[in-house]
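model-v2.txt follows (compact mmCIF, C-alpha atoms):
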```
# COMPACT_ATOMS: atom_id res chain seq x y z
CA MET F 1 5.65 56.61 20.05
CA ASN F 2 4.38 56.84 16.50
CA LEU F 3 3.40 53.39 15.18
CA LYS F 4 4.48 54.24 11.65
CA LEU F 5 7.94 55.19 12.91
CA ILE F 6 8.26 51.90 14.81
CA ILE F 7 7.29 49.97 11.67
CA ASP F 8 9.79 51.92 9.56
CA ILE F 9 12.62 51.19 12.01
CA ALA F 10 11.65 47.49 12.14
CA LYS F 11 11.66 47.42 8.34
CA ALA F 12 15.12 48.99 8.23
CA LEU F 13 16.50 46.43 10.69
CA LEU F 14 14.92 43.57 8.70
CA LEU F 15 16.44 44.75 5.43
CA ALA F 16 19.82 45.37 7.06
CA ARG F 17 20.01 41.67 7.95
CA TRP F 18 17.96 40.39 5.03
CA ARG F 19 19.80 37.07 4.72
CA GLN F 20 19.01 36.08 8.32
CA THR F 21 15.47 37.37 7.85
CA LEU F 22 15.07 35.27 4.72
CA VAL F 23 16.35 32.15 6.52
CA ALA F 24 13.87 32.66 9.36
CA ALA F 25 10.99 33.26 6.94
CA ILE F 26 11.90 30.14 4.94
CA GLY F 27 11.87 28.14 8.17
CA VAL F 28 8.34 29.33 8.94
CA THR F 29 7.26 28.78 5.33
CA PHE F 30 8.57 25.23 5.28
CA SER F 31 7.02 24.42 8.67
CA ILE F 32 3.57 25.77 7.78
CA GLY F 33 3.70 24.18 4.33
CA MET F 34 4.55 20.75 5.74
CA PHE F 35 1.96 21.22 8.50
CA ILE F 36 -0.82 21.91 5.97
CA THR F 37 0.30 19.16 3.59
CA LEU F 38 0.63 16.54 6.32
CA LEU F 39 -2.74 17.27 7.89
CA SER F 40 -4.53 17.47 4.53
CA PHE F 41 -3.11 14.14 3.41
CA MET F 42 -3.53 12.29 6.71
CA THR F 43 -7.10 13.45 7.30
CA GLY F 44 -7.95 12.67 3.68
CA LEU F 45 -6.52 9.20 4.19
CA ASN F 46 -8.52 8.83 7.42
CA ASP F 47 -11.72 9.85 5.64
CA MET F 48 -11.05 7.32 2.89
CA LEU F 49 -10.29 4.44 5.27
CA ASP F 50 -13.19 5.20 7.57
CA GLY F 51 -15.47 5.67 4.60
CA LEU F 52 -14.93 2.06 3.58
CA ILE F 53 -16.85 1.01 6.68
CA LEU F 54 -18.47 4.01 8.32
CA ASN F 55 -20.16 5.35 5.17
CA ARG F 56 -21.72 1.94 4.63
CA THR F 57 -22.65 1.46 8.30
CA PRO F 58 -25.93 2.84 9.72
CA HIS F 59 -25.74 5.10 12.73
CA ILE F 60 -28.33 2.87 14.37
CA ARG F 61 -29.35 -0.63 13.32
CA LEU F 62 -32.74 -1.93 14.50
CA TYR F 63 -33.13 -5.72 14.46
CA ASN F 64 -34.23 -8.74 16.49
CA GLU F 65 -31.34 -10.82 17.75
CA ILE F 66 -31.82 -14.56 18.25
CA LYS F 67 -31.13 -15.20 21.94
CA PRO F 68 -32.37 -17.38 24.81
CA ASN F 69 -35.49 -16.28 26.65
CA VAL F 70 -34.53 -14.90 30.05
CA ASN F 71 -37.96 -15.81 31.46
CA GLN F 72 -37.76 -19.60 31.60
CA PRO F 73 -40.93 -21.52 32.61
CA ILE F 74 -39.42 -22.67 35.91
CA ASN F 75 -38.91 -19.06 36.96
CA LEU F 76 -42.64 -18.43 36.50
CA ALA F 77 -43.68 -21.30 38.75
CA ARG F 78 -44.86 -20.09 42.16
CA SER F 79 -43.17 -22.89 44.09
CA TYR F 80 -39.73 -21.95 42.68
CA ARG F 81 -40.17 -18.16 42.60
CA ASN F 82 -37.91 -17.58 45.64
CA SER F 83 -35.32 -20.16 44.61
CA HIS F 84 -32.09 -19.97 42.58
CA ASN F 85 -32.76 -21.97 39.42
CA PHE F 86 -29.78 -23.27 37.45
CA ILE F 87 -30.69 -24.14 33.86
CA HIS F 88 -28.13 -25.52 31.42
CA SER F 89 -28.11 -25.60 27.60
CA ILE F 90 -30.85 -23.01 27.23
CA LYS F 91 -32.17 -22.91 23.69
CA ALA F 92 -33.08 -19.79 21.78
CA SER F 93 -36.62 -18.54 22.10
CA GLY F 94 -39.15 -18.96 19.32
CA SER F 95 -39.17 -15.28 18.40
CA ARG F 96 -38.91 -14.41 14.74
CA GLN F 97 -36.10 -12.42 13.13
CA THR F 98 -38.58 -10.04 11.54
CA LEU F 99 -39.15 -6.68 13.16
CA TYR F 100 -42.63 -6.65 14.65
CA ASN F 101 -44.87 -3.79 13.56
CA ASN F 102 -42.11 -2.42 11.31
CA GLY F 103 -44.58 -0.15 9.53
CA ALA F 104 -45.24 1.79 12.73
CA ILE F 105 -41.51 1.88 13.49
CA MET F 106 -40.72 3.41 10.09
CA GLN F 107 -43.52 5.93 10.53
CA ALA F 108 -42.07 6.97 13.90
CA LEU F 109 -38.60 7.29 12.35
CA PHE F 110 -40.03 9.40 9.53
CA SER F 111 -41.46 11.85 12.11
CA ASP F 112 -38.25 12.02 14.17
CA LYS F 113 -36.39 15.26 13.40
CA ARG F 114 -33.10 13.70 14.53
CA VAL F 115 -33.25 11.19 11.66
CA ILE F 116 -31.96 12.06 8.19
CA GLY F 117 -33.38 8.89 6.69
CA PHE F 118 -33.73 5.14 7.07
CA SER F 119 -33.50 2.11 4.84
CA PRO F 120 -35.17 -1.28 5.39
CA LYS F 121 -33.10 -4.40 4.80
CA ILE F 122 -33.41 -8.19 4.72
CA THR F 123 -30.47 -10.57 5.16
CA ALA F 124 -30.78 -14.09 3.74
CA LEU F 125 -28.11 -16.79 4.05
CA VAL F 126 -27.85 -18.90 0.88
CA PHE F 127 -25.61 -21.34 -0.99
CA PHE F 128 -24.47 -20.35 -4.48
CA ASN F 129 -24.38 -23.48 -6.65
CA ASP F 130 -21.23 -23.78 -8.75
CA GLY F 131 -21.63 -27.20 -10.35
CA ALA F 132 -21.27 -29.75 -7.56
CA ILE F 133 -19.81 -27.14 -5.18
CA ASP F 134 -21.89 -24.95 -2.87
CA ILE F 135 -20.40 -21.56 -1.97
CA THR F 136 -21.67 -19.99 1.24
CA GLY F 137 -22.92 -16.46 0.81
CA SER F 138 -25.65 -14.00 1.66
CA VAL F 139 -28.24 -11.97 -0.20
CA ASN F 140 -29.01 -8.51 1.18
CA GLY F 141 -32.44 -7.27 0.24
CA ILE F 142 -32.35 -3.46 0.02
CA ASP F 143 -34.31 -0.44 -1.07
CA VAL F 144 -31.91 0.62 -3.83
CA GLN F 145 -32.76 4.32 -3.86
CA LYS F 146 -32.53 4.74 -0.08
CA GLU F 147 -29.41 2.59 0.13
CA SER F 148 -27.69 4.70 -2.54
CA LYS F 149 -28.74 8.00 -0.97
CA LEU F 150 -27.84 7.15 2.64
CA PHE F 151 -25.04 4.58 2.32
CA HIS F 152 -23.46 5.26 -1.11
CA PHE F 153 -24.38 1.85 -2.50
CA SER F 154 -24.27 2.97 -6.15
CA ASP F 155 -20.72 4.36 -5.69
CA TYR F 156 -19.41 0.82 -5.26
CA ILE F 157 -21.01 -0.60 -8.39
CA ILE F 158 -18.15 -1.25 -10.83
CA ALA F 159 -20.23 -2.97 -13.54
CA GLY F 160 -23.87 -2.45 -14.43
CA THR F 161 -26.14 -0.03 -12.58
CA ALA F 162 -27.76 -0.22 -9.18
CA SER F 163 -31.18 0.79 -10.52
CA ASP F 164 -31.37 -2.46 -12.55
CA LEU F 165 -32.16 -4.28 -9.29
CA GLU F 166 -35.55 -2.56 -9.27
CA ARG F 167 -36.18 -2.64 -13.03
CA VAL F 168 -35.21 -6.26 -13.73
CA PRO F 169 -37.27 -8.94 -11.89
CA ASN F 170 -35.36 -11.66 -10.03
CA SER F 171 -32.02 -9.87 -10.44
CA LEU F 172 -28.86 -9.81 -8.38
CA VAL F 173 -25.72 -7.72 -7.89
CA LEU F 174 -22.74 -9.90 -6.97
CA GLY F 175 -19.65 -8.97 -5.00
CA LYS F 176 -16.60 -8.87 -7.27
CA GLY F 177 -14.87 -11.70 -5.41
CA LEU F 178 -18.00 -13.86 -5.51
CA ALA F 179 -18.53 -13.12 -9.20
CA ASP F 180 -14.96 -14.23 -9.93
CA LYS F 181 -15.58 -17.50 -8.09
CA LEU F 182 -18.76 -18.17 -10.05
CA LEU F 183 -17.34 -16.79 -13.35
CA ALA F 184 -20.54 -14.76 -13.56
CA ASP F 185 -20.61 -11.82 -15.96
CA LEU F 186 -23.42 -9.34 -16.52
CA GLY F 187 -26.49 -11.06 -17.98
CA ASP F 188 -25.53 -14.52 -16.66
CA VAL F 189 -27.93 -16.50 -14.51
CA VAL F 190 -26.70 -17.92 -11.19
CA GLN F 191 -28.40 -20.62 -9.18
CA LEU F 192 -28.65 -20.56 -5.41
CA THR F 193 -30.20 -22.65 -2.67
CA THR F 194 -31.87 -21.11 0.37
CA ALA F 195 -31.57 -22.41 3.93
CA LYS F 196 -34.93 -24.17 3.44
CA GLY F 197 -33.55 -26.09 0.46
CA GLU F 198 -35.45 -24.20 -2.25
CA ILE F 199 -33.60 -23.47 -5.50
CA PHE F 200 -33.81 -20.13 -7.31
CA GLN F 201 -32.23 -18.70 -10.43
CA LEU F 202 -31.33 -15.00 -10.51
CA LYS F 203 -29.94 -12.81 -13.28
CA VAL F 204 -26.69 -10.94 -12.62
CA VAL F 205 -27.15 -7.22 -13.39
CA GLY F 206 -24.07 -5.79 -11.67
CA HIS F 207 -20.85 -6.24 -9.72
CA PHE F 208 -19.91 -4.26 -6.65
CA GLN F 209 -16.59 -3.84 -4.86
CA SER F 210 -16.59 -2.45 -1.33
CA GLY F 211 -12.82 -2.58 -0.80
CA ILE F 212 -13.10 -5.31 1.85
CA LEU F 213 -12.12 -8.52 0.10
CA GLU F 214 -13.75 -10.95 2.54
CA LEU F 215 -17.11 -9.23 2.17
CA ASP F 216 -16.88 -9.12 -1.61
CA LYS F 217 -16.36 -12.90 -1.67
CA THR F 218 -19.64 -13.65 0.10
CA GLN F 219 -22.10 -10.79 -0.26
CA SER F 220 -24.64 -9.99 -2.93
CA TYR F 221 -27.57 -7.60 -3.21
CA ALA F 222 -31.13 -7.90 -4.48
CA SER F 223 -34.32 -5.89 -4.12
CA ILE F 224 -36.45 -6.37 -1.03
CA ILE F 225 -39.21 -8.02 -3.09
CA THR F 226 -36.80 -10.54 -4.61
CA THR F 227 -35.34 -11.39 -1.20
CA GLN F 228 -38.81 -11.88 0.28
CA LYS F 229 -39.53 -14.36 -2.52
CA LEU F 230 -36.31 -16.24 -1.75
CA LEU F 231 -37.33 -16.62 1.88
CA GLY F 232 -40.99 -17.31 1.11
CA GLN F 233 -42.08 -14.41 3.30
CA ALA F 234 -44.86 -11.86 3.09
CA ALA F 235 -44.46 -8.31 1.78
CA ASN F 236 -44.16 -6.89 5.31
CA TYR F 237 -41.16 -9.08 6.23
CA ILE F 238 -38.18 -6.89 7.27
CA THR F 239 -35.22 -8.02 9.41
CA ASP F 240 -33.32 -4.74 9.73
CA ILE F 241 -33.95 -1.01 9.62
CA GLN F 242 -30.82 1.09 9.06
CA VAL F 243 -31.06 4.61 10.48
CA LYS F 244 -28.95 7.66 9.55
CA LEU F 245 -28.93 10.51 12.10
CA THR F 246 -28.24 14.22 11.76
CA ASP F 247 -25.64 13.90 14.56
CA MET F 248 -23.74 10.61 14.72
CA LYS F 249 -22.51 11.39 18.26
CA GLN F 250 -26.06 11.01 19.60
CA ALA F 251 -26.31 7.44 18.30
CA PRO F 252 -25.71 5.62 21.65
CA ASP F 253 -28.39 7.63 23.50
CA ILE F 254 -30.92 7.42 20.67
CA ALA F 255 -30.25 3.69 20.22
CA ASN F 256 -31.05 3.12 23.90
CA GLU F 257 -34.23 5.17 23.49
CA TYR F 258 -35.31 3.17 20.42
CA ARG F 259 -34.51 -0.11 22.21
CA GLN F 260 -37.05 0.71 24.89
CA LEU F 261 -39.59 2.36 22.60
CA PHE F 262 -39.76 -0.26 19.85
CA GLY F 263 -38.94 -3.35 21.93
CA SER F 264 -36.20 -4.43 19.50
CA ASP F 265 -32.43 -4.63 19.58
CA ALA F 266 -30.59 -1.44 18.59
CA GLU F 267 -26.87 -1.23 17.81
CA ASP F 268 -25.18 2.15 17.48
CA ILE F 269 -22.26 2.88 15.17
CA GLN F 270 -19.84 3.63 18.01
CA THR F 271 -20.34 0.14 19.41
CA ALA F 272 -20.14 -1.54 16.01
CA ASN F 273 -17.02 0.30 14.78
CA SER F 274 -15.13 1.57 17.82
CA GLN F 275 -11.78 0.38 16.43
CA PHE F 276 -12.04 2.66 13.38
CA GLU F 277 -12.64 5.78 15.48
CA THR F 278 -9.66 4.89 17.66
CA GLY F 279 -7.40 4.46 14.62
CA SER F 280 -8.52 7.76 13.11
CA PHE F 281 -7.93 9.62 16.36
CA VAL F 282 -4.42 8.22 16.75
CA ARG F 283 -3.43 9.03 13.14
CA THR F 284 -4.78 12.58 13.45
CA LEU F 285 -3.02 13.07 16.78
CA ILE F 286 0.30 12.00 15.25
CA SER F 287 -0.21 14.40 12.34
CA TYR F 288 -0.86 17.35 14.64
CA ALA F 289 2.11 16.41 16.85
CA VAL F 290 4.51 16.33 13.90
CA GLY F 291 3.15 19.59 12.48
CA ILE F 292 3.39 21.45 15.79
CA THR F 293 6.93 20.13 16.27
CA LEU F 294 7.91 21.68 12.92
CA LEU F 295 6.45 25.02 14.00
CA VAL F 296 8.27 24.92 17.34
CA VAL F 297 11.58 24.19 15.57
CA ALA F 298 10.97 27.19 13.29
CA GLY F 299 10.24 29.30 16.39
CA PHE F 300 13.63 28.42 17.88
CA GLY F 301 15.26 29.51 14.62
CA ILE F 302 13.56 32.89 14.84
CA TYR F 303 14.54 33.19 18.50
CA ASN F 304 18.23 32.59 17.67
CA ILE F 305 18.21 35.04 14.76
CA LEU F 306 16.61 37.81 16.86
CA ASN F 307 19.08 37.17 19.65
CA MET F 308 21.98 37.59 17.20
CA MET F 309 20.34 40.70 15.74
CA ILE F 310 20.03 42.28 19.21
CA PHE F 311 23.65 41.47 20.01
CA GLU F 312 24.81 43.01 16.76
CA LYS F 313 22.51 46.05 17.06
CA MET F 314 23.37 47.04 20.63
CA ASP F 315 24.68 50.40 19.37
CA THR F 316 21.47 51.07 17.46
CA ILE F 317 19.32 50.14 20.46
CA ALA F 318 21.42 52.41 22.72
CA ILE F 319 21.05 55.32 20.31
CA LEU F 320 17.28 54.79 20.04
CA LYS F 321 16.89 54.84 23.80
CA ALA F 322 19.25 57.82 24.13
CA ILE F 323 17.12 59.93 21.76
CA GLY F 324 13.90 59.19 23.62
CA PHE F 325 12.65 55.73 22.68
CA SER F 326 11.30 53.90 25.72
CA GLY F 327 11.90 50.26 26.58
CA ASN F 328 8.37 49.41 25.38
CA ASP F 329 9.10 51.12 22.06
CA VAL F 330 12.21 49.00 21.56
CA LYS F 331 10.26 45.88 22.55
CA SER F 332 7.57 46.79 20.02
CA ILE F 333 10.17 47.17 17.26
CA PHE F 334 11.51 43.65 17.72
CA LEU F 335 8.00 42.19 18.14
CA VAL F 336 7.08 43.78 14.81
CA ILE F 337 10.16 42.14 13.29
CA ALA F 338 9.15 38.72 14.68
CA LEU F 339 5.50 39.02 13.66
CA SER F 340 6.50 40.23 10.18
CA ILE F 341 8.60 37.09 9.73
CA GLY F 342 5.71 34.96 11.03
CA PHE F 343 3.10 36.67 8.86
CA PHE F 344 4.92 36.59 5.55
CA GLY F 345 6.53 33.21 6.24
CA GLY F 346 3.12 31.82 7.22
CA LEU F 347 1.44 33.33 4.14
CA PHE F 348 3.91 31.69 1.78
CA GLY F 349 3.65 28.53 3.89
CA LEU F 350 -0.11 28.39 3.30
CA MET F 351 0.50 28.78 -0.43
CA LEU F 352 3.17 26.07 -0.33
CA GLY F 353 0.88 23.72 1.62
CA LEU F 354 -2.00 24.28 -0.81
CA GLY F 355 0.29 23.73 -3.80
CA LEU F 356 1.75 20.50 -2.41
CA SER F 357 -1.74 19.25 -1.49
CA MET F 358 -3.02 19.92 -5.01
CA LEU F 359 0.05 18.16 -6.42
CA ILE F 360 -0.54 15.06 -4.27
CA ASP F 361 -4.21 15.15 -5.25
CA GLN F 362 -3.20 14.65 -8.88
CA VAL F 363 -0.97 11.63 -8.25
CA PRO F 364 -2.71 8.47 -9.59
CA PHE F 365 -3.69 5.95 -6.93
CA THR F 366 -5.06 2.77 -8.44
CA THR F 367 -5.86 -0.37 -6.47
CA ALA F 368 -8.29 -3.18 -7.10
CA SER F 369 -9.68 -2.97 -3.56
CA LEU F 370 -10.67 0.70 -3.94
CA PRO F 371 -12.28 1.14 -7.34
CA THR F 372 -13.84 4.51 -6.48
CA ILE F 373 -10.49 6.11 -5.55
CA LYS F 374 -8.47 7.38 -8.54
CA THR F 375 -5.94 9.71 -6.85
CA TYR F 376 -4.44 10.07 -3.38
CA PRO F 377 -7.05 11.51 -0.98
CA ILE F 378 -6.66 15.10 0.24
CA ASN F 379 -8.83 17.02 2.69
CA TYR F 380 -8.96 20.75 1.85
CA SER F 381 -10.55 21.79 5.15
CA ILE F 382 -10.23 25.52 5.82
CA SER F 383 -9.63 24.75 9.51
CA PHE F 384 -6.11 23.49 8.71
CA TYR F 385 -5.19 26.82 7.16
CA VAL F 386 -6.68 28.76 10.08
CA ILE F 387 -4.76 26.62 12.58
CA GLY F 388 -1.55 27.05 10.57
CA THR F 389 -1.96 30.83 10.48
CA VAL F 390 -2.65 31.08 14.22
CA PHE F 391 0.28 28.82 15.11
CA SER F 392 2.70 30.72 12.89
CA LEU F 393 1.79 34.05 14.52
CA VAL F 394 1.75 32.66 18.07
CA THR F 395 5.05 30.81 17.60
CA THR F 396 6.85 33.81 16.12
CA PHE F 397 5.38 36.14 18.77
CA LEU F 398 6.70 33.94 21.58
CA ALA F 399 10.04 33.57 19.75
CA GLY F 400 10.32 37.36 19.54
CA TRP F 401 9.03 38.17 23.02
CA PHE F 402 12.08 37.14 25.02
CA PRO F 403 14.69 38.79 22.75
CA SER F 404 12.58 41.96 22.57
CA ARG F 405 12.27 42.00 26.36
CA LYS F 406 16.06 41.69 26.56
CA ALA F 407 16.48 44.56 24.09
CA SER F 408 14.11 46.80 26.08
CA GLN F 409 16.30 46.41 29.17
CA VAL F 410 19.53 47.58 27.50
CA ASP F 411 21.14 50.50 29.37
CA PRO F 412 22.30 53.05 26.73
CA VAL F 413 24.81 54.66 29.11
CA ILE F 414 26.73 51.41 29.58
CA ILE F 415 26.79 50.71 25.83
CA ILE F 416 27.91 54.21 24.83
CA ARG F 417 30.50 54.37 27.63
CA GLY F 418 31.90 51.03 26.48
CA LYS F 419 32.37 52.46 23.00
```

This structure in structure tokens:
Amino acid sequence: MNLKLIIDIAKALLLARWRQTLVAAIGVTFSIGMFITLLSFMTGLNDMLDGLILNRTPHIRLYNEIKPNVNQPINLARSYRNSHNFIHSIKASGSRQTLYNNGAIMQALFSDKRVIGFSPKITALVFFNDGAIDITGSVNGIDVQKESKLFHFSDYIIAGTASDLERVPNSLVLGKGLADKLLADLGDVVQLTTAKGEIFQLKVVGHFQSGILELDKTQSYASIITTQKLLGQAANYITDIQVKLTDMKQAPDIANEYRQLFGSDAEDIQTANSQFETGSFVRTLISYAVGITLLVVAGFGIYNILNMMIFEKMDTIAILKAIGFSGNDVKSIFLVIALSIGFFGGLFGLMLGLGLSMLIDQVPFTTASLPTIKTYPINYSISFYVIGTVFSLVTTFLAGWFPSRKASQVDPVIIIRGK
């Protein structure tokens, strides 16, 4: 049968029951719109929450952990080699926290195509002197440029600039919570005591706010050179190397490879932050479940409307089959009706979802713990719109298949005889 004729008949049936058609299309539009809006908002929220930790966390962290030596002297003695030796209160070995031969390690990382970049780091535990009170804290020695490029350090600076750490000698960037405790503004000098009892004075050149209050109350940042001075160490002293990979999913395997190759400890991001990935997965799963439920509900609405249309158009179907339309032709007519509702309803649903997402994106969202976030987060991923389009067409096709199959089986003789 001529496709154009089938489309014309489907159009005539749609317009003859335009109110029911409009209701079905609105159902699809609302479902797709809410599906897009919900996923855009929830995934944007996931990205924001995970970014608080994951964007600041290296994919692989190379370091030397302080731990007891597994090869105790008694195990090396020949007379006790075949014995079970029970040793209590084993003390940590005399190994240093510094990464041995870190220059060669960084050269190997630089040549590794799987690595986007790396940033050396030093962690120093100190006491910030506030009159007669000592506040426990830490100073993180960083390469400012690499830290900003790989781990968004400069994005969390809420006062001053990150580059001042390299330009100003003996300078420090304080966490906002720690700065409030010390009443330290930009340009002030704070005094701290190292674990060895040495006293240093550093100039405050910035405040940072990561969004995690407990960290902001204890952490501060300085250049690597300044931190090496605090610890009284040489210029090659590095305690950590933070690695960013091209593919984060390869982190566990590459970490195991680096552990054996460099002879150091290696912690991958999946191990360090497994709870965040679990939370993101659950939130995304709930979003998809709710969105798909809306589409299924809209599909049932289309199914009911087409069923009513077939019941009311029995005479029309009988006449079509009497004048030569086959059962497949009749089925095609009602499938065109269903897909037309799904297509146009889905199209307006995509526009509604985009509009609502843009509206939410303009709503102010101000909180002291997230200084870099000004509005509610939205993810405008094209995949959401593709998924919404596919689901709207598949749902409406399935909703129209069963009624169209029923219409194709109508016996025109029985209908006309009944009239």

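Closest to F:Ile241 among F:Thr227, F:Asn64, F:Ser287, F:Asn2 is F:Asn64, based on only C-alpha atoms.
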
Check your understanding: If we count all atoms listed in the file, what is near F:Thr389 at a cut-off of 8 Å, once residues fewer than 5 positions away on the same chain are taken out, given as a VMD selection string?
Key -> chain F and resid 32 343 346 to 347 350

Review point. Which of these, F:Gly291, F:Gly177, F:Pro169, F:Pro377, has the shortest distance to F:Ser223 once you count only C-alpha atoms?
Key: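 Checking each of F:Gly291, F:Gly177, F:Pro169, F:Pro377 against F:Ser223, counting only C-alpha atoms, the winner is F:Pro169.
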
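Every protein, DNA or RNA residue with an atom at most 7 Å from F:Ile158, where only C-alpha atoms count and chain neighbours fewer than 4 positions away do not, is listed here: His207, Phe208 and Gln209 of chain F.
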
Could those residues be written to a file, using C-alpha atoms, as a short mmCIF file (atom, residue, chain, number, x, y, z; two decimals), in the frame of the given file?
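Output contents, as saved in out_33.cif:
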```cif
data_model
loop_
_atom_site.label_atom_id
_atom_site.label_comp_id
_atom_site.auth_asym_id
_atom_site.auth_seq_id
_atom_site.Cartn_x
_atom_site.Cartn_y
_atom_site.Cartn_z
CA HIS F 207 -20.85 -6.24 -9.72
CA PHE F 208 -19.91 -4.26 -6.65
CA GLN F 209 -16.59 -3.84 -4.86
#
```

Check your understanding: Do you have the atom CA of F:Ala24-atom CA of F:Gly342 distance handy?
Key ->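 Result for atom CA of F:Ala24 versus atom CA of F:Gly342: 8.6 Å, one decimal.
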
**Study point:** Pairwise distance for atom CA of F:Ile60 and atom CA of F:Tyr221, rounded to one decimal in Å
**Key:**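 Between atom CA of F:Ile60 and atom CA of F:Tyr221 the gap is 20.5 Å.
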
Study note, to complete from the structure: Closest of F:Trp401, F:Ile238, F:Lys229, F:Phe30 to F:Leu352, counting only C-alpha atoms, is F:Phe30

Exercise for review: Rank F:Gln107, F:Ser408, F:Thr293, F:Gln20 by their smallest atom-to-atom distance to F:Phe334, using only C-alpha atoms, and report the top residue only.
Suggested key: F:Ser408

Practice item. Name the residues in contact with F:Val330 at a cut-off of 10 Å, using all atoms listed in the file, excluding same-chain residues fewer than 5 positions from it; report them as an MDAnalysis selection string. Key: chainID F and resid 6 9:10 317:318 320:321 325 335:336 404:410

Revision key, fill the gap. Atom CA of F:Asp185 to atom CA of F:Ile199 measures 20.3 Å

Identify, on the basis of all atoms listed in the file, every residue whose closest approach to F:Ser264 does not exceed 7 Å; exclude the query and any residue fewer than 2 positions from it along the same chain; express the result as a CSV table (one decimal) with C-alpha atoms, in the coordinates of the input.
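Below is the file out-v5.csv, written as the result:
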```csv
chain,number,residue,atom,x,y,z
F,62,LEU,CA,-32.7,-1.9,14.5
F,63,TYR,CA,-33.1,-5.7,14.5
F,64,ASN,CA,-34.2,-8.7,16.5
F,259,ARG,CA,-34.5,-0.1,22.2
F,262,PHE,CA,-39.8,-0.3,19.8
F,266,ALA,CA,-30.6,-1.4,18.6
```

Practice item. Find, counting all atoms listed in the file, the residue in F:Gln201, F:Ser40, F:Thr161, F:Gln97 that gets nearest to F:Phe384. Key: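 Smallest separation from F:Phe384 among the options: F:Ser40.
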
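Proximity to F:Val243 was assessed for F:Lys181, F:His84, F:Lys113, F:His59 counting all atoms listed in the file; the smallest distance is recorded for F:His59.
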